[in-house]
file entry02.cif (mmCIF, C-alpha atoms)
data_query
#
loop_
_atom_site.label_atom_id
_atom_site.label_comp_id
_atom_site.auth_asym_id
_atom_site.auth_seq_id
_atom_site.Cartn_x
_atom_site.Cartn_y
_atom_site.Cartn_z
CA MET A 1 -23.20 7.28 -5.13
CA GLU A 2 -24.99 10.61 -4.90
CA ALA A 3 -22.38 11.86 -2.44
CA VAL A 4 -19.59 10.89 -4.84
CA LYS A 5 -21.24 12.91 -7.61
CA GLU A 6 -21.89 15.86 -5.31
CA GLU A 7 -18.34 15.93 -3.96
CA SER A 8 -16.78 15.55 -7.43
CA THR A 9 -18.48 18.76 -8.55
CA LYS A 10 -16.14 20.62 -6.19
CA LEU A 11 -13.17 19.49 -8.27
CA VAL A 12 -11.94 21.17 -11.46
CA ARG A 13 -12.29 19.34 -14.84
CA ALA A 14 -9.04 20.42 -16.47
CA VAL A 15 -7.49 17.39 -18.28
CA GLY A 16 -8.30 16.45 -21.89
CA PHE A 17 -7.38 13.52 -24.18
CA GLY A 18 -3.78 14.59 -24.90
CA GLY A 19 -3.17 15.15 -21.22
CA LEU A 20 -4.57 11.70 -20.42
CA VAL A 21 -2.22 9.99 -22.89
CA ALA A 22 0.74 11.86 -21.37
CA MET A 23 -0.41 11.01 -17.84
CA CYS A 24 -0.76 7.31 -18.69
CA ILE A 25 2.68 7.11 -20.32
CA ASN A 26 4.10 8.99 -17.35
CA ALA A 27 2.35 6.72 -14.86
CA VAL A 28 3.69 3.52 -16.41
CA VAL A 29 7.07 4.24 -18.02
CA GLY A 30 8.64 5.64 -14.88
CA SER A 31 7.63 2.49 -13.04
CA GLY A 32 10.29 0.28 -14.55
CA VAL A 33 12.11 0.98 -17.77
CA PHE A 34 15.20 2.56 -16.16
CA LEU A 35 15.71 0.04 -13.33
CA LEU A 36 13.77 -3.17 -13.88
CA PRO A 37 15.55 -4.54 -17.00
CA SER A 38 18.35 -5.76 -14.75
CA GLU A 39 15.86 -7.31 -12.30
CA SER A 40 14.12 -9.23 -15.09
CA TYR A 41 17.51 -10.38 -16.42
CA ARG A 42 18.47 -11.73 -12.99
CA LEU A 43 15.23 -13.72 -12.93
CA LEU A 44 14.99 -14.89 -16.55
CA GLY A 45 18.50 -14.54 -17.99
CA PRO A 46 18.80 -13.93 -21.76
CA PHE A 47 15.14 -14.92 -22.21
CA SER A 48 14.27 -11.61 -20.46
CA LEU A 49 14.58 -10.01 -23.91
CA TRP A 50 11.06 -11.29 -24.57
CA ALA A 51 9.67 -10.45 -21.13
CA PRO A 52 8.30 -6.99 -22.08
CA LEU A 53 6.51 -8.50 -25.09
CA LEU A 54 5.34 -11.66 -23.30
CA PHE A 55 3.81 -9.85 -20.34
CA ALA A 56 2.34 -7.10 -22.53
CA VAL A 57 -0.34 -9.60 -23.65
CA PRO A 58 -2.08 -10.10 -20.27
CA VAL A 59 -1.52 -6.43 -19.46
CA PHE A 60 -3.31 -5.35 -22.64
CA ILE A 61 -6.23 -7.66 -21.77
CA LEU A 62 -6.48 -5.94 -18.39
CA VAL A 63 -6.20 -2.53 -20.06
CA LEU A 64 -9.18 -3.42 -22.26
CA CYS A 65 -11.17 -4.30 -19.12
CA PHE A 66 -10.32 -0.96 -17.52
CA ALA A 67 -11.05 0.92 -20.74
CA GLU A 68 -14.54 -0.57 -20.83
CA ALA A 69 -15.19 -0.06 -17.12
CA SER A 70 -14.02 3.57 -17.22
CA SER A 71 -16.37 4.42 -20.09
CA HIS A 72 -19.37 4.21 -17.74
CA PHE A 73 -18.33 6.84 -15.18
CA THR A 74 -17.49 10.51 -14.82
CA GLU A 75 -16.95 10.46 -11.04
CA PRO A 76 -13.65 9.89 -9.19
CA GLY A 77 -12.80 6.48 -7.77
CA GLY A 78 -11.59 4.24 -10.59
CA ALA A 79 -11.45 0.55 -9.60
CA TYR A 80 -13.16 1.33 -6.28
CA LEU A 81 -16.14 2.77 -8.13
CA TYR A 82 -16.27 -0.09 -10.66
CA ALA A 83 -16.21 -2.82 -7.98
CA ARG A 84 -18.58 -0.98 -5.67
CA THR A 85 -21.15 -0.50 -8.43
CA ALA A 86 -20.95 -4.14 -9.52
CA PHE A 87 -20.52 -6.00 -6.23
CA GLY A 88 -21.54 -3.70 -3.39
CA ASP A 89 -19.89 -1.43 -0.87
CA PHE A 90 -17.63 -3.90 0.97
CA VAL A 91 -16.01 -5.38 -2.14
CA GLY A 92 -15.69 -1.89 -3.56
CA PHE A 93 -14.00 -0.60 -0.43
CA GLU A 94 -11.56 -3.52 -0.29
CA THR A 95 -10.70 -2.99 -3.97
CA GLY A 96 -10.12 0.72 -3.40
CA TRP A 97 -8.16 0.02 -0.23
CA MET A 98 -5.80 -2.39 -2.01
CA ASN A 99 -5.44 0.12 -4.83
CA TRP A 100 -4.42 2.76 -2.31
CA ILE A 101 -1.92 0.36 -0.70
CA ALA A 102 -0.46 -0.24 -4.17
CA ARG A 103 -0.17 3.51 -4.72
CA LEU A 104 1.54 3.98 -1.35
CA THR A 105 4.10 1.25 -1.94
CA SER A 106 4.70 2.36 -5.53
CA LEU A 107 5.36 5.93 -4.38
CA ALA A 108 7.70 4.65 -1.66
CA SER A 109 9.46 2.24 -4.04
CA LEU A 110 10.16 4.81 -6.72
CA SER A 111 11.30 7.34 -4.12
CA ASN A 112 14.02 4.81 -3.31
CA GLY A 113 14.60 4.26 -7.03
CA PHE A 114 15.07 8.02 -7.41
CA VAL A 115 17.88 7.91 -4.84
CA VAL A 116 19.47 4.88 -6.55
CA SER A 117 19.60 6.77 -9.86
CA LEU A 118 20.89 9.93 -8.20
CA ALA A 119 23.62 7.91 -6.50
CA PHE A 120 24.84 6.88 -9.97
CA LEU A 121 26.06 10.49 -10.30
CA TRP A 122 26.95 11.14 -6.66
CA PRO A 123 27.37 7.85 -4.70
CA GLU A 124 27.47 9.60 -1.33
CA LEU A 125 23.83 10.67 -1.81
CA GLY A 126 22.63 7.07 -1.67
CA LYS A 127 23.30 6.53 2.02
CA GLY A 128 22.34 7.70 5.48
CA ALA A 129 21.08 11.19 6.14
CA ALA A 130 21.55 12.28 2.50
CA ARG A 131 19.24 9.49 1.30
CA GLN A 132 16.64 10.35 3.92
CA SER A 133 16.76 14.06 3.10
CA ILE A 134 16.30 13.42 -0.64
CA ILE A 135 13.31 11.13 -0.07
CA ILE A 136 11.66 13.59 2.32
CA GLY A 137 12.43 16.64 0.18
CA THR A 138 11.18 15.23 -3.12
CA LEU A 139 7.94 13.94 -1.60
CA LEU A 140 7.27 17.26 0.15
CA ILE A 141 7.79 19.16 -3.11
CA LEU A 142 5.44 16.89 -5.06
CA GLY A 143 2.85 17.04 -2.28
CA ALA A 144 2.98 20.86 -2.31
CA ILE A 145 2.56 21.02 -6.10
CA HIS A 146 -0.58 18.87 -5.99
CA PHE A 147 -1.88 20.66 -2.90
CA VAL A 148 -2.17 23.99 -4.73
CA GLY A 149 -4.21 22.70 -7.68
CA VAL A 150 -4.75 19.93 -10.21
CA ARG A 151 -3.61 22.19 -13.07
CA TYR A 152 -0.17 22.56 -11.49
CA GLY A 153 0.02 18.84 -10.74
CA ALA A 154 -0.98 17.94 -14.30
CA ALA A 155 1.50 20.47 -15.72
CA SER A 156 4.32 18.91 -13.70
CA ILE A 157 3.37 15.50 -15.14
CA TYR A 158 3.49 16.82 -18.74
CA VAL A 159 6.96 18.32 -18.18
CA PHE A 160 8.29 15.15 -16.55
CA THR A 161 6.86 13.00 -19.36
CA ILE A 162 8.72 14.97 -22.04
CA GLY A 163 11.85 14.94 -19.90
CA LYS A 164 11.85 11.16 -19.62
CA ILE A 165 10.79 10.21 -23.16
CA VAL A 166 13.36 12.28 -25.07
CA PRO A 167 16.52 10.75 -23.50
CA LEU A 168 14.96 7.29 -23.47
CA VAL A 169 14.09 7.35 -27.17
CA SER A 170 17.52 8.83 -27.92
CA PHE A 171 19.18 5.93 -26.08
CA ILE A 172 17.08 3.38 -27.99
CA VAL A 173 18.03 4.90 -31.35
CA VAL A 174 21.78 5.01 -30.55
CA ALA A 175 21.82 1.51 -29.02
CA LEU A 176 20.01 -0.07 -31.97
CA ILE A 177 22.22 1.70 -34.51
CA ALA A 178 25.39 0.58 -32.71
CA PHE A 179 23.97 -2.91 -31.94
CA ARG A 180 27.26 -4.12 -30.43
CA HIS A 181 25.94 -7.52 -29.46
CA ASN A 182 23.09 -9.58 -30.86
CA PRO A 183 21.13 -10.93 -27.85
CA ILE A 184 18.46 -12.69 -29.91
CA PRO A 185 20.10 -16.15 -30.41
CA ALA A 186 20.75 -16.63 -26.68
CA SER A 187 17.26 -15.36 -25.83
CA LEU A 188 15.58 -18.17 -27.77
CA THR A 189 16.46 -20.69 -25.03
CA LEU A 190 13.93 -21.00 -22.23
CA PRO A 191 15.17 -20.37 -18.67
CA PRO A 192 16.21 -23.49 -16.71
CA SER A 193 13.93 -25.36 -14.32
CA GLY A 194 13.65 -23.66 -10.97
CA THR A 195 13.24 -20.22 -12.54
CA ASN A 196 11.14 -17.96 -10.33
CA TRP A 197 8.39 -17.15 -12.83
CA SER A 198 6.17 -15.74 -10.10
CA ASP A 199 8.63 -12.99 -9.17
CA ALA A 200 9.31 -12.35 -12.87
CA ALA A 201 5.59 -11.88 -13.49
CA LEU A 202 5.29 -9.55 -10.51
CA PHE A 203 8.27 -7.45 -11.58
CA MET A 204 6.95 -7.07 -15.11
CA LEU A 205 3.49 -6.36 -13.72
CA PHE A 206 5.08 -3.58 -11.69
CA ALA A 207 6.82 -2.30 -14.83
CA TYR A 208 3.51 -2.05 -16.69
CA ALA A 209 1.44 -0.98 -13.70
CA GLY A 210 -0.09 2.45 -13.36
CA PHE A 211 -2.76 2.37 -16.07
CA GLU A 212 -5.31 1.03 -13.56
CA ASN A 213 -5.21 4.30 -11.64
CA MET A 214 -6.11 6.56 -14.54
CA GLY A 215 -9.81 6.42 -13.62
CA VAL A 216 -9.23 7.51 -10.03
CA PRO A 217 -9.11 11.29 -10.71
CA ALA A 218 -11.95 11.09 -13.31
CA GLY A 219 -13.70 13.98 -11.56
CA GLU A 220 -10.92 16.22 -12.89
CA TYR A 221 -11.06 15.07 -16.56
CA ARG A 222 -13.05 17.02 -19.13
CA ASN A 223 -14.80 14.05 -20.75
CA PRO A 224 -13.66 10.85 -19.02
CA ARG A 225 -16.25 8.52 -20.58
CA ARG A 226 -15.09 9.39 -24.09
CA ASP A 227 -11.41 10.24 -23.64
CA LEU A 228 -10.16 7.80 -21.00
CA PRO A 229 -10.74 4.49 -22.87
CA ARG A 230 -9.03 5.80 -26.01
CA ALA A 231 -6.13 7.23 -24.01
CA LEU A 232 -5.58 3.94 -22.16
CA LEU A 233 -5.35 1.94 -25.39
CA ALA A 234 -3.13 4.43 -27.24
CA ALA A 235 -0.73 4.88 -24.34
CA THR A 236 -0.41 1.13 -23.63
CA LEU A 237 0.61 0.35 -27.22
CA ALA A 238 3.22 3.13 -27.11
CA ILE A 239 4.53 1.91 -23.76
CA ALA A 240 4.88 -1.71 -24.94
CA ALA A 241 6.92 -0.55 -27.94
CA ILE A 242 9.19 1.56 -25.72
CA TYR A 243 9.75 -1.30 -23.26
CA VAL A 244 10.58 -3.89 -25.90
CA LEU A 245 13.03 -1.61 -27.71
CA ALA A 246 14.65 -0.40 -24.47
CA GLN A 247 15.23 -3.99 -23.32
CA LEU A 248 16.70 -4.88 -26.72
CA GLY A 249 18.93 -1.80 -26.69
CA ALA A 250 20.18 -2.48 -23.16
CA MET A 251 20.93 -6.16 -23.85
CA ALA A 252 22.60 -5.33 -27.16
CA THR A 253 24.97 -3.02 -25.28
CA ILE A 254 25.52 -4.92 -22.00
CA PRO A 255 25.21 -8.70 -22.52
CA ASP A 256 24.92 -9.45 -18.77
CA LEU A 257 22.49 -6.93 -17.29
CA SER A 258 22.45 -8.76 -13.95
CA GLN A 259 25.65 -6.94 -12.98
CA SER A 260 24.09 -3.47 -13.27
CA SER A 261 21.74 -1.69 -10.87
CA THR A 262 21.27 1.17 -13.38
CA PRO A 263 21.18 -0.73 -16.70
CA ILE A 264 20.08 2.03 -19.09
CA ALA A 265 22.55 4.55 -17.67
CA ASP A 266 25.39 2.01 -17.77
CA ALA A 267 24.53 1.11 -21.37
CA ALA A 268 24.46 4.78 -22.38
CA LYS A 269 27.85 5.31 -20.71
CA SER A 270 29.27 2.36 -22.63
CA LEU A 271 27.94 3.76 -25.92
CA VAL A 272 28.75 7.47 -25.75
CA GLY A 273 30.70 7.97 -22.55
CA PRO A 274 29.89 9.89 -19.34
CA ALA A 275 27.77 12.44 -21.19
CA GLY A 276 25.38 9.72 -22.33
CA ALA A 277 25.12 8.33 -18.82
CA LEU A 278 24.41 11.81 -17.49
CA VAL A 279 21.61 12.44 -19.97
CA VAL A 280 19.97 9.08 -19.33
CA THR A 281 20.32 9.43 -15.57
CA ILE A 282 18.64 12.83 -15.72
CA GLY A 283 15.91 11.20 -17.79
CA ALA A 284 15.57 8.46 -15.18
CA LEU A 285 15.31 11.02 -12.39
CA LEU A 286 12.65 12.97 -14.28
CA SER A 287 10.92 9.69 -15.08
CA MET A 288 10.59 8.60 -11.48
CA ALA A 289 9.75 12.10 -10.28
CA GLY A 290 7.01 12.23 -12.91
CA THR A 291 5.61 8.84 -11.96
CA ASN A 292 5.68 9.86 -8.31
CA SER A 293 3.83 13.05 -9.20
CA GLY A 294 1.13 10.99 -10.89
CA THR A 295 1.04 8.63 -7.91
CA VAL A 296 0.49 11.52 -5.51
CA LEU A 297 -2.43 12.64 -7.70
CA GLU A 298 -4.00 9.19 -8.09
CA GLY A 299 -3.32 7.84 -4.60
CA SER A 300 -4.67 10.89 -2.80
CA ARG A 301 -7.80 10.84 -4.98
CA MET A 302 -8.37 7.18 -4.17
CA LEU A 303 -8.14 7.92 -0.46
CA TYR A 304 -10.49 10.88 -1.00
CA ALA A 305 -13.00 8.70 -2.90
CA LEU A 306 -12.91 6.05 -0.15
CA SER A 307 -13.72 8.67 2.47
CA LEU A 308 -16.91 9.95 0.85
CA ASP A 309 -20.02 9.03 2.87
CA ARG A 310 -17.86 7.48 5.62
CA ARG A 311 -16.68 8.35 9.10
CA MET A 312 -13.06 8.93 8.09
CA GLY A 313 -12.56 12.31 9.70
CA PRO A 314 -11.61 15.23 7.46
CA ILE A 315 -10.16 13.10 4.62
CA SER A 316 -12.98 14.13 2.25
CA TYR A 317 -12.25 17.82 2.87
CA VAL A 318 -11.75 19.86 -0.31
CA HIS A 319 -9.68 23.02 0.08
CA PRO A 320 -11.95 26.02 -0.66
CA LYS A 321 -9.25 27.96 -2.53
CA PHE A 322 -7.26 25.28 -4.33
CA ARG A 323 -10.20 22.85 -4.76
CA THR A 324 -8.01 19.84 -4.04
CA PRO A 325 -8.48 17.05 -1.43
CA SER A 326 -5.76 18.60 0.71
CA VAL A 327 -6.06 16.36 3.78
CA ALA A 328 -5.95 13.21 1.63
CA ILE A 329 -2.82 14.54 -0.11
CA VAL A 330 -1.07 15.17 3.22
CA ILE A 331 -1.94 11.70 4.56
CA HIS A 332 -0.94 9.91 1.35
CA VAL A 333 2.43 11.65 1.10
CA GLY A 334 3.15 11.28 4.82
CA VAL A 335 2.52 7.52 4.96
CA ALA A 336 4.46 6.93 1.72
CA MET A 337 7.37 8.89 3.18
CA ALA A 338 7.53 6.59 6.21
CA LEU A 339 7.45 3.48 3.98
CA ALA A 340 10.13 4.88 1.67
CA LEU A 341 12.50 5.59 4.54
CA ALA A 342 12.03 2.07 5.93
CA GLY A 343 12.07 0.00 2.70
CA SER A 344 13.98 -0.69 -0.51
CA PHE A 345 13.07 -0.39 -4.19
CA ALA A 346 12.79 -4.11 -5.02
CA LYS A 347 10.84 -5.20 -1.91
CA LEU A 348 8.38 -2.31 -2.14
CA ALA A 349 7.96 -2.92 -5.89
CA LEU A 350 6.91 -6.52 -5.22
CA LEU A 351 4.48 -5.49 -2.47
CA SER A 352 2.98 -2.89 -4.80
CA ALA A 353 2.44 -5.52 -7.49
CA VAL A 354 0.79 -7.93 -5.02
CA ALA A 355 -1.60 -5.22 -3.81
CA ARG A 356 -2.60 -4.41 -7.39
CA LEU A 357 -3.92 -7.91 -8.03
CA ALA A 358 -7.20 -7.22 -6.20
CA THR A 359 -7.67 -4.11 -8.35
CA TYR A 360 -7.20 -6.11 -11.55
CA LEU A 361 -9.34 -9.05 -10.45
CA PHE A 362 -12.44 -7.18 -9.30
CA SER A 363 -12.32 -4.56 -12.08
CA ALA A 364 -12.20 -7.26 -14.76
CA ALA A 365 -14.99 -9.22 -13.04
CA ALA A 366 -17.13 -6.05 -12.83
CA VAL A 367 -17.21 -5.42 -16.59
CA PRO A 368 -20.24 -7.62 -17.48
CA ARG A 369 -22.37 -6.00 -14.76
CA LEU A 370 -21.28 -2.48 -15.67
CA ARG A 371 -22.55 -2.97 -19.22
CA LYS A 372 -26.08 -2.59 -17.86
CA LEU A 373 -25.45 1.01 -16.80
CA ASN A 374 -25.20 2.78 -20.15
CA GLU A 375 -23.66 2.61 -23.60
CA GLY A 376 -19.91 2.91 -23.53
CA PHE A 377 -16.73 1.39 -24.93
CA ARG A 378 -17.33 -2.31 -25.59
CA THR A 379 -15.11 -5.35 -26.01
CA PRO A 380 -16.65 -8.29 -27.91
CA GLY A 381 -18.66 -10.75 -25.82
CA LEU A 382 -17.30 -11.90 -22.47
CA ILE A 383 -13.92 -13.17 -23.64
CA ILE A 384 -11.89 -10.14 -22.48
CA PRO A 385 -13.27 -9.92 -18.91
CA ILE A 386 -12.97 -13.72 -18.56
CA LEU A 387 -9.33 -13.59 -19.67
CA GLY A 388 -8.73 -10.62 -17.36
CA VAL A 389 -10.07 -12.55 -14.37
CA ALA A 390 -8.09 -15.64 -15.39
CA ALA A 391 -4.84 -13.69 -15.72
CA SER A 392 -5.32 -12.10 -12.30
CA LEU A 393 -6.13 -15.44 -10.64
CA LEU A 394 -3.19 -17.15 -12.34
CA ILE A 395 -0.78 -14.62 -10.86
CA CYS A 396 -2.49 -14.92 -7.45
CA VAL A 397 -2.13 -18.71 -7.27
CA SER A 398 1.52 -18.49 -8.29
CA LEU A 399 2.43 -16.31 -5.30
CA ASN A 400 4.52 -17.81 -2.54
CA LYS A 401 3.30 -17.96 1.06
CA GLU A 402 5.06 -14.75 2.12
CA LYS A 403 3.47 -12.64 -0.61
CA LEU A 404 0.04 -14.21 -0.14
CA LEU A 405 0.18 -13.41 3.57
CA ALA A 406 1.24 -9.83 2.85
CA GLY A 407 -1.78 -9.39 0.58
CA LEU A 408 -4.07 -11.09 3.11
CA TYR A 409 -2.88 -8.88 5.97
CA ALA A 410 -3.48 -5.78 3.84
CA MET A 411 -7.04 -6.92 3.06
CA ILE A 412 -7.72 -7.68 6.75
CA ALA A 413 -6.53 -4.18 7.63
CA GLY A 414 -8.91 -2.83 4.99
CA GLY A 415 -11.76 -4.83 6.53
CA VAL A 416 -11.04 -3.30 9.93
CA VAL A 417 -11.02 0.22 8.49
CA TYR A 418 -14.28 -0.55 6.68
CA ALA A 419 -15.93 -1.77 9.89
CA VAL A 420 -14.86 1.36 11.78
CA SER A 421 -15.85 3.75 9.01
CA ARG A 422 -19.21 2.29 8.03
CA ARG A 423 -21.18 4.54 5.73
CA ARG A 424 -23.25 7.15 7.50
CA GLN A 425 -26.18 6.54 5.19
CA ALA A 426 -27.64 3.19 4.24
#
call {"tool": "encode", "arguments": {"input": "entry02.cif", "output": "structure tokens"}}
result
Amino acid sequence: MEAVKEESTKLVRAVGFGGLVAMCINAVVGSGVFLLPSESYRLLGPFSLWAPLLFAVPVFILVLCFAEASSHFTEPGGAYLYARTAFGDFVGFETGWMNWIARLTSLASLSNGFVVSLAFLWPELGKGAARQSIIIGTLLILGAIHFVGVRYGAASIYVFTIGKIVPLVSFIVVALIAFRHNPIPASLTLPPSGTNWSDAALFMLFAYAGFENMGVPAGEYRNPRRDLPRALLAATLAIAAIYVLAQLGAMATIPDLSQSSTPIADAAKSLVGPAGALVVTIGALLSMAGTNSGTVLEGSRMLYALSLDRRMGPISYVHPKFRTPSVAIVIHVGVAMALALAGSFAKLALLSAVARLATYLFSAAAVPRLRKLNEGFRTPGLIIPILGVAASLLICVSLNKEKLLAGLYAMIAGGVVYAVSRRRQA
């Protein structure tokens, strides 16, 4: 723990409350609102209108757990630090490892999503060498921005957040004013038997995911114990409202979203013509670029935090000029690039959601033990952490064999890395 505190002093505390709210909105909104409405419709049909609201309830319970856990720390590490403090080094490492895997697959998934949205404007860019070049180029640019300093990385996130929210809110307003089709009556019927609720839960979990990583770069926040819990709660409420209204707007414009791979852009085109589709597509591109920028920040800091006090080579190196974990940034971006080139948006999104479950489970379970550290943000009694653990376990037991094995293999790999990189000091 002392090494974590010592190393975090090399970083620059540059992000305040307003920046944290923007970063949280950026981290989550880009993860799903422009592409996942059609995926949820394919899984749940007209009932998918209520999916953003239905799944916001367990998400908000988990957000409360993370808000409380984050109020006890000023060091980087997030869920890794919470689990390590509560349950010891091995559980902490596995939690951090799975969090990093989730960040890798999320970055790779949304890099593919970026190409899908770009191909809406220029279809030839979605295939072959053009696709590969776009994935490589965008990741290299984001990696370079974060390499040269957290202030530049944070600034890019603020710009991307504004760029995504303005066209998205504009679409919602126009779609709800036009309200061409009322999707509410059809949505009141439950999906038929045989509906894949597990995949629906994972997709919506992916859509809301990102908040759990806000504590990872805590060493670069001005006052994380005070600002981070408030920012998490404020941003999550705003995000839930945006998701519900965007789903309603899309379904009110296009009754059958299952036929669209770019639902918001197609709805905007239907409402105001090609200009509307262009504006929304630009917003989607900025959205995913912004989320990827945040993922480069959070994922590289998680890898950096895992390397402290361990035999993991130069990963804990902090650049003397830029004061960023430069080696961790290079590794994180490089591995994500390989995954993005080999995978697709939907498959990588599901893998990212599976990997996140360990983060949710152990962070929620850690809350009661963390209360002994100091006074911080408090939820009443034990009801919230109990519900957080229950929600995480419920999703885990609903996974099919393939997804369970994927999560198990990732945890075994983490155990091997842990054994090789045992802490240098007892």
call {"tool": "closest_atom_pairs", "arguments": {"input": "entry02.cif", "of": "segment 191-212 of chain A", "to": "segment 38-42 of chain A", "cutoff": "9 Å", "atoms": "all atoms listed in the file", "output": "JSON lines"}}
result
{"residue": "A:Asp199", "atom": "CA", "partner": "A:Ser40", "partner_atom": "CA", "distance": 8.9}
{"residue": "A:Ala200", "atom": "CA", "partner": "A:Ser40", "partner_atom": "CA", "distance": 6.1}
{"residue": "A:Phe203", "atom": "CA", "partner": "A:Ser40", "partner_atom": "CA", "distance": 7.1}
{"residue": "A:Met204", "atom": "CA", "partner": "A:Ser40", "partner_atom": "CA", "distance": 7.5}
call {"tool": "resolve_selection", "arguments": {"input": "entry02.cif", "expression": "the PyMOL selection byres ((chain A and resi 208) around 9)", "output": "list in words"}}
result
Val28, Val29, Ser31, Gly32, Pro52, Phe55, Ala56, Val59, Phe203, Met204, Leu205, Phe206, Ala207, Ala209, Gly210, Phe211, Thr236, Ile239 and Ala240 of chain A
call {"tool": "resolve_selection", "arguments": {"input": "entry02.cif", "expression": "the PyMOL selection byres ((chain A and resi 86) around 6)", "output": "ChimeraX atom specification"}}
result
/A:83-85,87,366,369
call {"tool": "resolve_selection", "arguments": {"input": "entry02.cif", "expression": "the PyMOL selection byres ((chain A and resi 377) around 6)", "output": "ChimeraX atom specification"}}
result
/A:68,71,376,378
call {"tool": "closest_residue", "arguments": {"input": "entry02.cif", "among": "A:Val216, A:Val169, A:Val389, A:Met337", "to": "Gly294 of chain A", "atoms": "all atoms listed in the file"}}
result
A:Val216
call {"tool": "atom_distance", "arguments": {"input": "entry02.cif", "atom1": "atom CA of Leu54 of chain A", "atom2": "atom CA of Ile386 of chain A"}}
result
19.0 Å
call {"tool": "closest_atom_pairs", "arguments": {"input": "entry02.cif", "of": "segment 253-361 of chain A", "to": "segment 392-408 of chain A", "cutoff": "8 Å", "atoms": "all atoms listed in the file", "output": "JSON lines"}}
result
{"residue": "A:Leu351", "atom": "CA", "partner": "A:Lys403", "partner_atom": "CA", "distance": 7.5}
{"residue": "A:Val354", "atom": "CA", "partner": "A:Gly407", "partner_atom": "CA", "distance": 6.3}
{"residue": "A:Ala355", "atom": "CA", "partner": "A:Gly407", "partner_atom": "CA", "distance": 6.1}
{"residue": "A:Leu357", "atom": "CA", "partner": "A:Ser392", "partner_atom": "CA", "distance": 6.1}
{"residue": "A:Tyr360", "atom": "CA", "partner": "A:Ser392", "partner_atom": "CA", "distance": 6.3}
{"residue": "A:Leu361", "atom": "CA", "partner": "A:Ser392", "partner_atom": "CA", "distance": 5.4}
call {"tool": "atom_distance", "arguments": {"input": "entry02.cif", "atom1": "atom CA of Gly126 of chain A", "atom2": "atom CA of Ala336 of chain A"}}
result
18.5 Å
call {"tool": "residues_around", "arguments": {"input": "entry02.cif", "residues": "segment 255-264 of chain A", "least_positions_apart": "3", "cutoff": "9 Å", "atoms": "only C-alpha atoms", "output": "PyMOL selection string"}}
result
chain A and resi 33-43+45-46+116-117+120+168+171+181-183+246-247+249-252+267-269+277+280-281+284
call {"tool": "atom_distance", "arguments": {"input": "entry02.cif", "atom1": "atom CA of Ser363 of chain A", "atom2": "atom CA of Asn196 of chain A"}}
result
27.1 Å
call {"tool": "closest_residue", "arguments": {"input": "entry02.cif", "among": "A:Val333, A:Ala67, A:Leu81, A:Ala102", "to": "Leu348 of chain A", "atoms": "all atoms listed in the file"}}
result
A:Ala102
call {"tool": "closest_residue", "arguments": {"input": "entry02.cif", "among": "A:Leu248, A:Ala358, A:Leu271, A:Val15", "to": "Pro217 of chain A", "atoms": "only C-alpha atoms"}}
result
A:Val15
call {"tool": "closest_residue", "arguments": {"input": "entry02.cif", "among": "A:Leu49, A:Leu64, A:Leu20, A:Thr291", "to": "Leu233 of chain A", "atoms": "all atoms listed in the file"}}
result
A:Leu64
call {"tool": "residues_around", "arguments": {"input": "entry02.cif", "residues": "Met302 of chain A", "least_positions_apart": "3", "cutoff": "7 Å", "atoms": "all atoms listed in the file", "output": "list of chain:residue names"}}
result
A:Gly77, A:Gly96, A:Trp100, A:Val216, A:Glu298, A:Gly299, A:Ala305, A:Leu306
call {"tool": "closest_residue", "arguments": {"input": "entry02.cif", "among": "A:Ala51, A:Ser106, A:Tyr221, A:Phe322", "to": "Ser352 of chain A", "atoms": "all atoms listed in the file"}}
result
A:Ser106
call {"tool": "closest_residue", "arguments": {"input": "entry02.cif", "among": "A:Ala390, A:Leu339, A:Val244, A:Ile136", "to": "Phe362 of chain A", "atoms": "all atoms listed in the file"}}
result
A:Ala390
